[in-house]
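To be precise, the following lines are work_12.cif, and they hold mmCIF, C-alpha atoms.
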```
data_data
loop_
_atom_site.label_atom_id
_atom_site.label_comp_id
_atom_site.auth_asym_id
_atom_site.auth_seq_id
_atom_site.Cartn_x
_atom_site.Cartn_y
_atom_site.Cartn_z
CA MET A 14 -11.84 19.69 -2.27
CA ARG A 15 -14.77 21.06 -4.18
CA PHE A 16 -14.08 23.79 -6.74
CA CYS A 17 -16.31 25.98 -8.86
CA MET A 18 -14.93 27.68 -11.96
CA VAL A 19 -16.90 30.73 -13.14
CA THR A 20 -16.10 31.92 -16.66
CA THR A 21 -17.62 33.30 -19.83
CA PHE A 22 -16.16 30.75 -22.27
CA TYR A 23 -15.45 27.06 -21.72
CA PRO A 24 -14.84 24.28 -24.27
CA PRO A 25 -16.43 23.51 -26.58
CA TYR A 26 -18.17 26.91 -26.34
CA HIS A 27 -15.00 28.93 -26.44
CA PHE A 28 -12.51 31.09 -28.32
CA GLY A 29 -8.82 31.42 -27.49
CA GLY A 30 -6.18 29.94 -25.24
CA ASP A 31 -7.50 31.04 -21.84
CA ALA A 32 -10.50 28.71 -22.13
CA VAL A 33 -8.25 25.84 -23.26
CA PHE A 34 -6.03 26.41 -20.22
CA LEU A 35 -9.05 26.46 -17.89
CA TYR A 36 -10.24 23.19 -19.43
CA ARG A 37 -6.83 21.65 -18.75
CA LEU A 38 -6.81 22.95 -15.17
CA THR A 39 -10.31 21.63 -14.53
CA GLU A 40 -9.49 18.22 -15.99
CA ALA A 41 -6.22 18.03 -14.03
CA LEU A 42 -7.98 18.79 -10.75
CA ALA A 43 -10.67 16.22 -11.56
CA GLU A 44 -8.01 13.59 -12.38
CA ARG A 45 -6.58 14.15 -8.88
CA GLY A 46 -9.89 13.42 -7.22
CA HIS A 47 -11.29 16.91 -6.74
CA ALA A 48 -14.90 17.73 -7.67
CA VAL A 49 -15.11 20.63 -10.11
CA ASP A 50 -18.18 22.51 -11.27
CA VAL A 51 -17.95 24.93 -14.20
CA ILE A 52 -20.45 27.75 -14.71
CA HIS A 53 -20.11 29.25 -18.18
CA SER A 54 -22.08 31.22 -20.75
CA VAL A 55 -23.38 29.69 -23.95
CA ASP A 56 -25.10 33.00 -24.69
CA ALA A 57 -21.75 34.79 -25.03
CA TYR A 58 -20.51 32.13 -27.45
CA ARG A 59 -23.69 32.42 -29.53
CA LEU A 60 -23.10 36.13 -30.06
CA GLN A 61 -20.13 35.36 -32.30
CA HIS A 62 -20.90 31.79 -33.38
CA PRO A 63 -24.60 30.90 -33.71
CA ALA A 64 -23.86 27.34 -34.85
CA GLU A 65 -22.68 24.47 -32.66
CA PRO A 66 -18.89 24.24 -32.05
CA GLU A 67 -16.89 22.42 -34.71
CA VAL A 68 -14.61 20.66 -32.21
CA ALA A 69 -15.88 18.33 -29.46
CA PHE A 70 -14.32 17.97 -25.99
CA SER A 71 -14.64 15.13 -23.50
CA HIS A 72 -15.21 15.89 -19.80
CA HIS A 73 -14.04 13.98 -16.72
CA PRO A 74 -16.78 12.35 -14.57
CA ASN A 75 -15.74 14.61 -11.66
CA VAL A 76 -16.57 17.70 -13.75
CA THR A 77 -20.10 19.10 -13.78
CA ARG A 78 -20.91 21.89 -16.24
CA HIS A 79 -23.69 24.41 -15.72
CA LEU A 80 -24.44 26.05 -19.06
CA ILE A 81 -25.92 29.54 -18.75
CA GLN A 82 -28.16 30.25 -21.72
CA THR A 83 -31.38 32.10 -22.45
CA ASN A 84 -33.67 32.51 -25.44
CA LYS A 85 -32.32 36.05 -25.88
CA PRO A 86 -28.52 35.66 -25.78
CA MET A 87 -27.70 39.11 -27.15
CA LEU A 88 -29.89 40.93 -24.63
CA SER A 89 -28.67 38.83 -21.70
CA ALA A 90 -24.98 39.21 -22.51
CA LEU A 91 -25.37 42.91 -23.29
CA ALA A 92 -27.06 43.49 -19.93
CA ALA A 93 -24.10 41.94 -18.10
CA HIS A 94 -21.66 43.96 -20.22
CA GLN A 95 -23.43 47.28 -19.60
CA LEU A 96 -24.42 46.87 -15.95
CA GLY A 97 -21.25 45.19 -14.70
CA ARG A 98 -23.51 42.72 -12.88
CA PRO A 99 -24.95 39.27 -13.72
CA ALA A 100 -28.34 40.90 -14.46
CA VAL A 101 -30.42 38.24 -16.28
CA TYR A 102 -28.09 35.51 -15.00
CA GLY A 103 -28.05 36.77 -11.41
CA ARG A 104 -30.52 34.46 -9.71
CA LYS A 105 -29.26 31.29 -11.38
CA VAL A 106 -25.59 32.02 -10.72
CA ARG A 107 -26.29 33.06 -7.13
CA ASP A 108 -28.28 29.88 -6.48
CA LEU A 109 -25.62 27.65 -8.02
CA LEU A 110 -22.86 29.20 -5.92
CA ALA A 111 -24.96 29.08 -2.75
CA LYS A 112 -26.03 25.44 -3.16
CA GLY A 113 -22.67 24.08 -4.27
CA GLN A 114 -20.98 24.07 -0.85
CA TYR A 115 -17.69 24.90 -2.53
CA ASP A 116 -14.33 25.20 -0.83
CA VAL A 117 -13.06 27.44 -3.64
CA ILE A 118 -14.76 29.66 -6.20
CA HIS A 119 -12.27 30.48 -8.94
CA TYR A 120 -13.25 33.26 -11.34
CA HIS A 121 -11.69 33.48 -14.79
CA ASN A 122 -13.00 35.44 -17.80
CA ILE A 123 -16.14 37.01 -16.27
CA SER A 124 -16.68 39.85 -18.75
CA LEU A 125 -20.04 38.54 -20.05
CA MET A 126 -20.91 36.33 -17.07
CA GLY A 127 -21.71 39.28 -14.85
CA GLY A 128 -18.74 41.60 -14.89
CA PRO A 129 -17.23 42.65 -11.55
CA GLY A 130 -20.57 42.14 -9.81
CA VAL A 131 -20.33 38.35 -10.02
CA LEU A 132 -17.26 38.50 -7.76
CA ARG A 133 -19.62 39.32 -4.89
CA TYR A 134 -21.54 36.05 -5.22
CA GLY A 135 -20.79 33.05 -3.02
CA ARG A 136 -19.06 32.74 0.34
CA ALA A 137 -16.22 30.32 -0.39
CA LEU A 138 -12.55 31.20 -0.77
CA LYS A 139 -12.34 33.32 -3.92
CA LEU A 140 -9.56 33.33 -6.51
CA TYR A 141 -9.53 35.33 -9.72
CA THR A 142 -7.19 34.67 -12.66
CA SER A 143 -6.68 37.66 -14.94
CA HIS A 144 -6.22 35.88 -18.27
CA GLU A 145 -6.52 39.18 -20.14
CA TYR A 146 -6.32 42.85 -19.15
CA TRP A 147 -10.09 43.19 -18.77
CA LEU A 148 -9.76 44.63 -15.25
CA ILE A 149 -7.92 47.67 -16.60
CA CYS A 150 -8.91 47.74 -20.29
CA PRO A 151 -12.46 47.93 -21.75
CA THR A 152 -11.28 46.07 -24.88
CA HIS A 153 -9.43 43.46 -22.77
CA VAL A 154 -6.16 43.52 -24.72
CA LEU A 155 -4.40 46.89 -24.25
CA PHE A 156 -4.28 47.35 -28.03
CA THR A 157 -4.93 51.01 -28.80
CA PHE A 158 -7.31 51.78 -31.69
CA ASN A 159 -6.74 48.22 -32.96
CA ARG A 160 -3.34 49.46 -34.13
CA GLU A 161 -0.61 49.14 -31.51
CA ALA A 162 0.14 48.14 -27.94
CA CYS A 163 -1.25 50.63 -25.44
CA VAL A 164 1.28 53.00 -23.90
CA GLU A 165 -1.06 55.90 -23.13
CA ARG A 166 -4.57 55.42 -21.74
CA LYS A 167 -7.23 56.72 -24.16
CA CYS A 168 -9.94 54.31 -23.07
CA ILE A 169 -13.09 56.14 -24.11
CA ARG A 170 -11.84 57.00 -27.59
CA CYS A 171 -10.36 53.51 -28.05
CA THR A 172 -13.62 51.84 -26.95
CA LEU A 173 -15.65 53.91 -29.37
CA HIS A 174 -13.14 53.17 -32.14
CA SER A 175 -13.62 49.44 -31.50
CA ARG A 176 -17.40 49.94 -31.86
CA ARG A 177 -18.12 48.71 -28.36
CA PRO A 178 -20.63 50.40 -26.04
CA LEU A 179 -19.07 52.35 -23.18
CA GLN A 180 -19.19 50.73 -19.74
CA PHE A 181 -19.89 53.63 -17.41
CA TRP A 182 -19.45 51.47 -14.31
CA ARG A 183 -15.72 51.42 -15.06
CA TYR A 184 -15.55 55.07 -13.93
CA THR A 185 -17.43 54.65 -10.63
CA GLY A 186 -15.01 52.58 -8.53
CA TRP A 187 -17.18 49.48 -9.06
CA VAL A 188 -14.24 47.30 -10.09
CA GLU A 189 -12.24 48.25 -7.00
CA ARG A 190 -15.18 47.59 -4.64
CA CYS A 191 -15.89 44.18 -6.16
CA LEU A 192 -12.23 43.16 -6.08
CA ARG A 193 -12.32 43.50 -2.29
CA GLU A 194 -14.36 40.28 -2.34
CA VAL A 195 -11.43 38.40 -3.91
CA ASP A 196 -8.96 36.67 -1.59
CA HIS A 197 -6.18 36.38 -4.15
CA LEU A 198 -5.59 37.39 -7.76
CA ILE A 199 -3.48 35.27 -10.13
CA THR A 200 -1.74 36.37 -13.31
CA PRO A 201 -0.09 34.05 -15.88
CA SER A 202 3.17 36.05 -15.96
CA ARG A 203 5.23 38.66 -14.13
CA PHE A 204 4.67 41.02 -17.04
CA ALA A 205 0.87 40.83 -16.65
CA LEU A 206 1.14 41.29 -12.89
CA GLU A 207 3.24 44.43 -13.33
CA GLN A 208 0.71 45.84 -15.81
CA LEU A 209 -2.11 45.43 -13.29
CA ARG A 210 -0.11 46.93 -10.46
CA ALA A 211 0.92 49.88 -12.62
CA GLN A 212 -2.77 50.64 -13.24
CA GLY A 213 -3.64 50.59 -9.54
CA VAL A 214 -4.98 47.08 -8.93
CA LYS A 215 -4.31 46.51 -5.23
CA CYS A 216 -5.43 42.90 -4.65
CA PRO A 217 -3.01 40.43 -3.10
CA MET A 218 -1.64 38.80 -6.23
CA GLN A 219 1.02 36.50 -7.60
CA ALA A 220 2.19 35.22 -10.96
CA LEU A 221 1.42 31.56 -11.64
CA PRO A 222 2.25 30.54 -15.23
CA TYR A 223 0.02 28.30 -17.31
CA PHE A 224 0.91 24.68 -17.96
CA VAL A 225 0.79 22.57 -21.11
CA PRO A 226 0.60 18.81 -21.71
CA ILE A 227 3.93 17.05 -22.09
CA PRO A 228 3.95 14.66 -25.07
CA PRO A 229 6.26 11.65 -25.13
CA ALA A 230 9.78 12.66 -26.16
CA ALA A 231 10.37 12.08 -29.87
CA SER A 232 13.74 10.77 -30.96
CA GLU A 233 13.62 12.95 -34.03
CA ALA A 234 11.05 15.43 -35.34
CA LYS A 235 9.51 14.40 -38.62
CA GLU A 236 8.69 17.10 -41.10
CA LEU A 237 5.10 17.35 -42.22
CA GLN A 238 5.63 18.21 -45.85
CA LYS A 239 3.67 19.21 -48.87
CA ASN A 240 5.52 18.26 -52.01
CA GLY A 241 8.63 17.73 -49.87
CA ARG A 242 8.60 21.27 -48.49
CA PRO A 243 9.44 22.34 -44.91
CA TYR A 244 7.25 24.87 -43.13
CA PHE A 245 6.90 27.45 -40.38
CA LEU A 246 3.79 27.47 -38.20
CA PHE A 247 1.40 30.03 -36.72
CA VAL A 248 -1.27 28.94 -34.22
CA GLY A 249 -3.83 31.31 -32.70
CA ARG A 250 -6.86 33.52 -33.14
CA LEU A 251 -6.85 35.32 -36.46
CA GLU A 252 -7.17 38.88 -35.19
CA LYS A 253 -5.20 41.95 -36.21
CA LEU A 254 -3.40 42.13 -32.86
CA LYS A 255 -1.83 38.70 -33.48
CA GLY A 256 0.29 40.17 -36.29
CA VAL A 257 -0.19 37.52 -39.00
CA GLN A 258 -0.65 40.31 -41.54
CA ASP A 259 3.06 41.08 -41.08
CA LEU A 260 4.04 37.50 -41.93
CA ILE A 261 2.23 37.24 -45.25
CA PRO A 262 4.24 40.00 -47.01
CA LEU A 263 7.37 38.34 -45.63
CA PHE A 264 6.39 35.05 -47.28
CA SER A 265 5.52 36.76 -50.54
CA GLY A 266 9.28 37.11 -50.99
CA TYR A 267 10.32 34.03 -49.02
CA ARG A 268 9.77 30.80 -50.93
CA GLU A 269 12.22 28.55 -49.13
CA ALA A 270 9.49 27.20 -46.80
CA ASP A 271 5.71 27.22 -46.40
CA LEU A 272 3.66 29.06 -43.81
CA ILE A 273 0.90 27.02 -42.16
CA ILE A 274 -1.73 29.05 -40.29
CA VAL A 275 -3.93 27.30 -37.71
CA GLY A 276 -6.95 29.11 -36.25
CA ASN A 277 -10.03 31.14 -37.01
CA GLY A 278 -11.12 34.67 -36.24
CA ASP A 279 -12.73 37.87 -37.46
CA TYR A 280 -9.61 38.88 -39.38
CA ALA A 281 -9.41 35.64 -41.37
CA PRO A 282 -11.09 36.99 -44.56
CA GLN A 283 -8.60 39.88 -44.78
CA LEU A 284 -5.66 37.54 -44.23
CA ARG A 285 -6.86 35.09 -46.87
CA ALA A 286 -7.29 37.94 -49.35
CA GLN A 287 -3.81 39.19 -48.50
CA ALA A 288 -2.38 35.71 -49.16
CA GLU A 289 -4.19 35.23 -52.46
CA GLY A 290 -1.81 33.79 -55.05
CA LEU A 291 0.67 32.52 -52.44
CA ASP A 292 0.32 28.76 -52.74
CA HIS A 293 2.87 28.19 -49.99
CA VAL A 294 0.72 30.02 -47.39
CA ARG A 295 -1.92 27.58 -46.15
CA PHE A 296 -4.87 28.15 -43.81
CA LEU A 297 -6.01 25.04 -41.89
CA GLY A 298 -8.80 26.64 -39.82
CA ALA A 299 -9.67 25.20 -36.40
CA VAL A 300 -7.66 22.17 -35.31
CA HIS A 301 -8.32 20.30 -32.05
CA PRO A 302 -5.52 20.87 -29.49
CA SER A 303 -4.83 17.14 -29.40
CA ALA A 304 -4.14 17.13 -33.16
CA ILE A 305 -1.77 20.07 -33.27
CA GLY A 306 1.18 18.12 -31.86
CA GLU A 307 2.24 16.71 -35.22
CA LEU A 308 2.21 20.23 -36.67
CA TYR A 309 4.46 21.53 -33.90
CA ARG A 310 6.87 18.61 -34.19
CA GLY A 311 7.24 19.01 -37.94
CA ALA A 312 7.66 22.79 -38.02
CA ILE A 313 11.03 24.48 -38.39
CA ALA A 314 9.72 26.92 -35.79
CA LEU A 315 6.56 28.48 -34.43
CA LEU A 316 6.17 32.13 -35.47
CA ALA A 317 4.55 34.40 -32.85
CA PRO A 318 4.35 37.91 -34.33
CA SER A 319 1.88 39.34 -31.77
CA LEU A 320 1.58 43.11 -31.73
CA CYS A 321 -0.13 43.16 -28.32
CA TYR A 322 0.86 42.44 -24.73
CA GLU A 323 0.21 38.72 -24.37
CA THR A 324 -0.39 37.72 -20.75
CA PHE A 325 1.63 34.51 -21.12
CA GLY A 326 2.31 32.84 -24.45
CA LEU A 327 0.47 29.53 -24.19
CA ILE A 328 1.09 28.63 -27.82
CA ALA A 329 4.82 29.22 -27.39
CA ALA A 330 4.91 26.86 -24.40
CA GLU A 331 3.00 24.24 -26.40
CA ALA A 332 5.53 24.50 -29.20
CA PHE A 333 8.40 24.09 -26.73
CA ALA A 334 6.71 20.98 -25.27
CA HIS A 335 6.89 19.39 -28.73
CA GLY A 336 10.50 20.42 -29.28
CA ALA A 337 9.78 23.26 -31.70
CA PRO A 338 11.72 26.54 -31.36
CA VAL A 339 9.81 29.83 -31.23
CA ILE A 340 10.52 33.06 -33.09
CA ALA A 341 8.50 35.78 -31.35
CA ARG A 342 8.11 39.52 -31.44
CA ARG A 343 9.82 41.19 -28.48
CA ILE A 344 6.71 42.34 -26.62
CA GLY A 345 4.76 41.45 -23.50
CA ALA A 346 4.95 38.09 -21.77
CA LEU A 347 6.02 36.35 -25.00
CA ALA A 348 9.46 37.86 -24.51
CA GLU A 349 9.44 36.65 -20.89
CA VAL A 350 8.61 33.07 -21.93
CA VAL A 351 11.14 32.88 -24.77
CA GLU A 352 13.95 34.41 -22.70
CA GLN A 353 13.26 32.13 -19.74
CA SER A 354 13.28 29.05 -21.94
CA GLY A 355 16.28 29.82 -24.13
CA GLY A 356 14.33 27.93 -26.78
CA GLY A 357 14.01 30.53 -29.49
CA TYR A 358 14.63 34.03 -30.76
CA LEU A 359 13.01 37.44 -30.35
CA PHE A 360 12.72 40.04 -33.09
CA ASP A 361 11.88 43.72 -33.31
CA THR A 362 11.54 43.96 -37.09
CA ILE A 363 10.20 41.60 -39.74
CA GLU A 364 13.65 41.56 -41.35
CA GLU A 365 15.06 40.19 -38.08
CA CYS A 366 12.30 37.58 -38.11
CA ARG A 367 13.29 36.52 -41.61
CA GLU A 368 16.97 36.25 -40.59
CA LYS A 369 16.11 33.97 -37.67
CA MET A 370 13.84 31.86 -39.87
CA GLU A 371 16.57 31.33 -42.42
CA LEU A 372 19.09 30.54 -39.68
CA LEU A 373 16.91 27.74 -38.31
CA ARG A 374 15.97 26.47 -41.77
CA THR A 375 19.58 26.08 -42.83
CA GLU A 376 20.96 24.79 -39.52
CA PRO A 377 18.88 21.80 -38.35
CA GLY A 378 21.34 21.15 -35.52
CA LEU A 379 20.61 24.59 -34.09
CA ARG A 380 16.91 23.96 -34.44
CA ALA A 381 17.30 20.72 -32.46
CA THR A 382 19.34 22.46 -29.75
CA LEU A 383 16.81 25.23 -29.26
CA GLY A 384 13.95 22.75 -29.34
CA ALA A 385 15.60 20.68 -26.59
CA ARG A 386 16.08 23.80 -24.45
CA GLY A 387 12.44 24.71 -24.88
CA ARG A 388 11.25 21.24 -23.92
CA ARG A 389 13.50 21.25 -20.83
CA ALA A 390 12.07 24.63 -19.78
CA VAL A 391 8.54 23.22 -20.05
CA GLU A 392 9.45 20.18 -17.95
CA GLU A 393 10.93 22.43 -15.26
CA ASN A 394 8.36 25.26 -15.22
CA TRP A 395 5.14 24.66 -17.16
CA THR A 396 3.82 21.17 -16.41
CA ALA A 397 0.53 20.31 -14.75
CA GLU A 398 2.41 18.92 -11.74
CA VAL A 399 4.41 22.12 -11.24
CA HIS A 400 1.33 24.30 -11.63
CA LEU A 401 -0.97 22.23 -9.41
CA THR A 402 1.64 21.95 -6.66
CA ARG A 403 1.81 25.75 -6.46
CA TYR A 404 -1.91 26.23 -7.04
CA LEU A 405 -3.03 23.81 -4.33
CA ALA A 406 -0.40 25.13 -1.92
CA LEU A 407 -1.86 28.62 -2.41
CA VAL A 408 -5.40 27.33 -1.88
CA ARG A 409 -4.50 25.45 1.32
CA SER A 410 -2.57 28.41 2.68
CA LEU A 411 -5.49 30.78 2.08
CA LEU A 412 -8.01 28.32 3.52
CA ALA A 413 -5.85 27.97 6.63
CA GLU A 414 -5.66 31.75 6.99
CA ARG A 415 -9.41 32.02 6.64
CA ALA A 416 -10.01 29.29 9.25
CA GLU A 417 -7.60 30.98 11.64
CA THR A 418 -9.31 34.36 11.17
CA THR A 419 -12.75 32.81 11.70
CA ALA A 420 -11.55 31.05 14.86
CA SER A 421 -10.05 34.25 16.30
CA ILE A 422 -13.28 36.17 15.68
CA SER A 423 -15.46 33.51 17.29
#
```
Rewrite the coordinates I just gave you, this time as structure tokens.
Amino acid sequence: MRFCMVTTFYPPYHFGGDAVFLYRLTEALAERGHAVDVIHSVDAYRLQHPAEPEVAFSHHPNVTRHLIQTNKPMLSALAAHQLGRPAVYGRKVRDLLAKGQYDVIHYHNISLMGGPGVLRYGRALKLYTSHEYWLICPTHVLFTFNREACVERKCIRCTLHSRRPLQFWRYTGWVERCLREVDHLITPSRFALEQLRAQGVKCPMQALPYFVPIPPAASEAKELQKNGRPYFLFVGRLEKLKGVQDLIPLFSGYREADLIIVGNGDYAPQLRAQAEGLDHVRFLGAVHPSAIGELYRGAIALLAPSLCYETFGLIAAEAFAHGAPVIARRIGALAEVVEQSGGGYLFDTIEECREKMELLRTEPGLRATLGARGRRAVEENWTAEVHLTRYLALVRSLLAERAETTASIS
């Protein structure tokens, strides 16, 4: 089959786990003989990162990338954001989708690739994966006033607080009309699906969890040490909603292990200032996904203190794949992933987090048991084979329905 992925960010021009997952999905489809085109925005990446990406990615020969970029990236991306349509990108994206003769057009993060309007382009079977809450939240993340998880809709005030321009098309029914063009909507978790349904999204939809690579089983995890010290690990974007600012005060009074922080983001300067003087809190910056495995395997546990409603918990699944337990805040799909796996603990308070950390630090046998449960859960639920079997079954079923409908009409 011939697929086209339409998204704002794609490696190496990307931020966050959704683009990494899309890269893995694209590569997995290509490995199985499918042709995959990717249309993505370099302009959107340039808005936050004018320089070239620090980390390089290889691409399968069956993958063709179409980089959307102009000599005025801010104006082009802003036009898409404000109009809810491809605007400057419209003709190029429309031509690519028309000429590609695709069986499937799969939309992902389309916020700065044309908003809802891009869903109307092309005539192939259309899927849309809601990696974030962009369909129902102007700031994408349901994190009110950059303070707490959203429980009461205050969208206009929250948008202004985040210093983003209002998108007036959100209040015209434009999203609903464009979604009628989508044959099926996919969410990474049941939690995310229920959030969309609760806010009135009426597309046919189903939950289809992400997948992660499965490394060879290790007979025994080796600790990556600094001066013989064990460590806990955080991996992710350094933004306030990820909750790392709650971990640093914890480690100011917890010297039994180090905290290693992997990732970059707008909140990094504040976090580094907060950790000043704490030699056992280390920031590694960006690390290629292929190089993080050793960090997972050596960690006592992955710490996931997110304050927001994650749509899945990709980092948690990656940790499980490497046999590392996860200690996560009890919120959103993170709780769903940890509970389903049995490979870690959930906490409501930072004191509970500390208790679980100390339990795993002092009982290596328990750490090994939880790590084995997590790995088993990945092998049963979150592998490329499991995901692609369900994904391709959905595609074939929808294509068959479409062919049957077309035949009945003619």
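When the distance limit is 10 Å and all atoms listed in the file are what count, the residues near Pro217 in chain A, minus those fewer than 3 positions from it on the same chain, are A:Arg193, A:Val195, A:Asp196, A:His197, A:Leu198, A:Ile199, A:Val214.
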> Skipping near chain neighbours, those fewer than 3 positions away, what residues fall within 10 Å of Leu320 in chain A using only C-alpha atoms, listed as an MDAnalysis selection string?
Replying inline: chainID A and resid 156 159:162 253:257 259 317 323 342:345
>> Running the PyMOL selection byres ((chain A and resi 120) around 7) on this model by hand, what would come out? Give it as a PyMOL selection string.
In response: chain A and resi 18-20+118-119+121-123+140-142
> Which polymer residues, protein or nucleic acid, are no farther than 12 Å from (-22.0, 30.3, -28.1), counting all atoms listed in the file, as a PyMOL selection string?
Replying inline: chain A and resi 21-28+53-67+80-83+86-87+90+125
Contacts of Phe158 in chain A at 7 Å or less, counting all atoms listed in the file, minus same-chain residues fewer than 6 places along, as a PDB file with C-alpha atoms, keeping the file's coordinate frame?
```
ATOM      1  CA  CYS A 171     -10.360  53.510 -28.050  1.00  0.00           C
ATOM      2  CA  HIS A 174     -13.140  53.170 -32.140  1.00  0.00           C
ATOM      3  CA  SER A 175     -13.620  49.440 -31.500  1.00  0.00           C
TER       4      SER A 175
END
```
> Using the chain letters and numbers from the file, which residues does the PyMOL selection byres ((chain A and resi 312) around 8) grab, as a PyMOL selection string?
Replying inline: chain A and resi 236-237+243-246+308-311+313-315+337
>> At a cut-off of 10 Å, using all atoms listed in the file, what residues contact Lys369 in chain A? Leave out same-chain residues fewer than 2 positions from it and give the result as number ranges by chain.
In response: A: 314, 339-340, 357-360, 363-367, 371-374
> Do you know which residues are at most 7 Å from range 99-105 of chain A counting all atoms listed in the file, after dropping those on the same chain fewer than 5 positions away, and could you put them as a PyMOL selection string?
Replying inline: chain A and resi 89+92-93+126-128+130-131
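What separates CA of Ala205 in chain A from CA of Ala346 in chain A is a distance of 7.1 Å.
Proximity of A:Gln208, A:Gly249, A:Cys17, A:Gly29 to Val117 in chain A, computed with only C-alpha atoms, is greatest for A:Cys17.
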Take the PyMOL selection byres ((chain A and resi 348-356) around 10), run it mentally on this structure, and tell me the resulting residues as a PDB file with C-alpha atoms, in the coordinates of the input.
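This went into part_14.pdb:
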```pdb
ATOM      1  CA  SER A 202       3.170  36.050 -15.960  1.00  0.00           C
ATOM      2  CA  ARG A 203       5.230  38.660 -14.130  1.00  0.00           C
ATOM      3  CA  PHE A 204       4.670  41.020 -17.040  1.00  0.00           C
ATOM      4  CA  PRO A 222       2.250  30.540 -15.230  1.00  0.00           C
ATOM      5  CA  TYR A 322       0.860  42.440 -24.730  1.00  0.00           C
ATOM      6  CA  GLU A 323       0.210  38.720 -24.370  1.00  0.00           C
ATOM      7  CA  THR A 324      -0.390  37.720 -20.750  1.00  0.00           C
ATOM      8  CA  PHE A 325       1.630  34.510 -21.120  1.00  0.00           C
ATOM      9  CA  GLY A 326       2.310  32.840 -24.450  1.00  0.00           C
ATOM     10  CA  LEU A 327       0.470  29.530 -24.190  1.00  0.00           C
ATOM     11  CA  ALA A 329       4.820  29.220 -27.390  1.00  0.00           C
ATOM     12  CA  ALA A 330       4.910  26.860 -24.400  1.00  0.00           C
ATOM     13  CA  ALA A 332       5.530  24.500 -29.200  1.00  0.00           C
ATOM     14  CA  PHE A 333       8.400  24.090 -26.730  1.00  0.00           C
ATOM     15  CA  GLY A 336      10.500  20.420 -29.280  1.00  0.00           C
ATOM     16  CA  ALA A 337       9.780  23.260 -31.700  1.00  0.00           C
ATOM     17  CA  PRO A 338      11.720  26.540 -31.360  1.00  0.00           C
ATOM     18  CA  VAL A 339       9.810  29.830 -31.230  1.00  0.00           C
ATOM     19  CA  ILE A 340      10.520  33.060 -33.090  1.00  0.00           C
ATOM     20  CA  ALA A 341       8.500  35.780 -31.350  1.00  0.00           C
ATOM     21  CA  ARG A 342       8.110  39.520 -31.440  1.00  0.00           C
ATOM     22  CA  ARG A 343       9.820  41.190 -28.480  1.00  0.00           C
ATOM     23  CA  ILE A 344       6.710  42.340 -26.620  1.00  0.00           C
ATOM     24  CA  GLY A 345       4.760  41.450 -23.500  1.00  0.00           C
ATOM     25  CA  ALA A 346       4.950  38.090 -21.770  1.00  0.00           C
ATOM     26  CA  LEU A 347       6.020  36.350 -25.000  1.00  0.00           C
ATOM     27  CA  GLY A 357      14.010  30.530 -29.490  1.00  0.00           C
ATOM     28  CA  TYR A 358      14.630  34.030 -30.760  1.00  0.00           C
ATOM     29  CA  LEU A 359      13.010  37.440 -30.350  1.00  0.00           C
ATOM     30  CA  PHE A 360      12.720  40.040 -33.090  1.00  0.00           C
ATOM     31  CA  ARG A 380      16.910  23.960 -34.440  1.00  0.00           C
ATOM     32  CA  ALA A 381      17.300  20.720 -32.460  1.00  0.00           C
ATOM     33  CA  THR A 382      19.340  22.460 -29.750  1.00  0.00           C
ATOM     34  CA  LEU A 383      16.810  25.230 -29.260  1.00  0.00           C
ATOM     35  CA  GLY A 384      13.950  22.750 -29.340  1.00  0.00           C
ATOM     36  CA  ALA A 385      15.600  20.680 -26.590  1.00  0.00           C
ATOM     37  CA  ARG A 386      16.080  23.800 -24.450  1.00  0.00           C
ATOM     38  CA  GLY A 387      12.440  24.710 -24.880  1.00  0.00           C
ATOM     39  CA  ARG A 388      11.250  21.240 -23.920  1.00  0.00           C
ATOM     40  CA  ARG A 389      13.500  21.250 -20.830  1.00  0.00           C
ATOM     41  CA  ALA A 390      12.070  24.630 -19.780  1.00  0.00           C
ATOM     42  CA  VAL A 391       8.540  23.220 -20.050  1.00  0.00           C
ATOM     43  CA  GLU A 393      10.930  22.430 -15.260  1.00  0.00           C
ATOM     44  CA  ASN A 394       8.360  25.260 -15.220  1.00  0.00           C
TER      45      ASN A 394
END
```
How would range 399-405 of chain A look with N, CA and C atoms restored, written as a PDB file, in the frame of the given file?
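And here is the file that came out, selection-v1.pdb:
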```
ATOM      1  N   VAL A 399       3.828  20.898 -11.805  1.00  0.00           N
ATOM      2  CA  VAL A 399       4.410  22.120 -11.240  1.00  0.00           C
ATOM      3  C   VAL A 399       3.317  23.124 -10.909  1.00  0.00           C
ATOM      4  N   HIS A 400       2.396  23.311 -11.841  1.00  0.00           N
ATOM      5  CA  HIS A 400       1.330  24.300 -11.630  1.00  0.00           C
ATOM      6  C   HIS A 400       0.434  23.898 -10.470  1.00  0.00           C
ATOM      7  N   LEU A 401      -0.029  22.643 -10.448  1.00  0.00           N
ATOM      8  CA  LEU A 401      -0.970  22.230  -9.410  1.00  0.00           C
ATOM      9  C   LEU A 401      -0.325  22.205  -8.033  1.00  0.00           C
ATOM     10  N   THR A 402       0.961  21.907  -7.959  1.00  0.00           N
ATOM     11  CA  THR A 402       1.640  21.950  -6.660  1.00  0.00           C
ATOM     12  C   THR A 402       1.570  23.367  -6.088  1.00  0.00           C
ATOM     13  N   ARG A 403       1.866  24.360  -6.911  1.00  0.00           N
ATOM     14  CA  ARG A 403       1.810  25.750  -6.460  1.00  0.00           C
ATOM     15  C   ARG A 403       0.374  26.209  -6.236  1.00  0.00           C
ATOM     16  N   TYR A 404      -0.511  25.821  -7.128  1.00  0.00           N
ATOM     17  CA  TYR A 404      -1.910  26.230  -7.040  1.00  0.00           C
ATOM     18  C   TYR A 404      -2.560  25.699  -5.760  1.00  0.00           C
ATOM     19  N   LEU A 405      -2.403  24.410  -5.508  1.00  0.00           N
ATOM     20  CA  LEU A 405      -3.030  23.810  -4.330  1.00  0.00           C
ATOM     21  C   LEU A 405      -2.356  24.282  -3.041  1.00  0.00           C
TER      22      LEU A 405
END
```
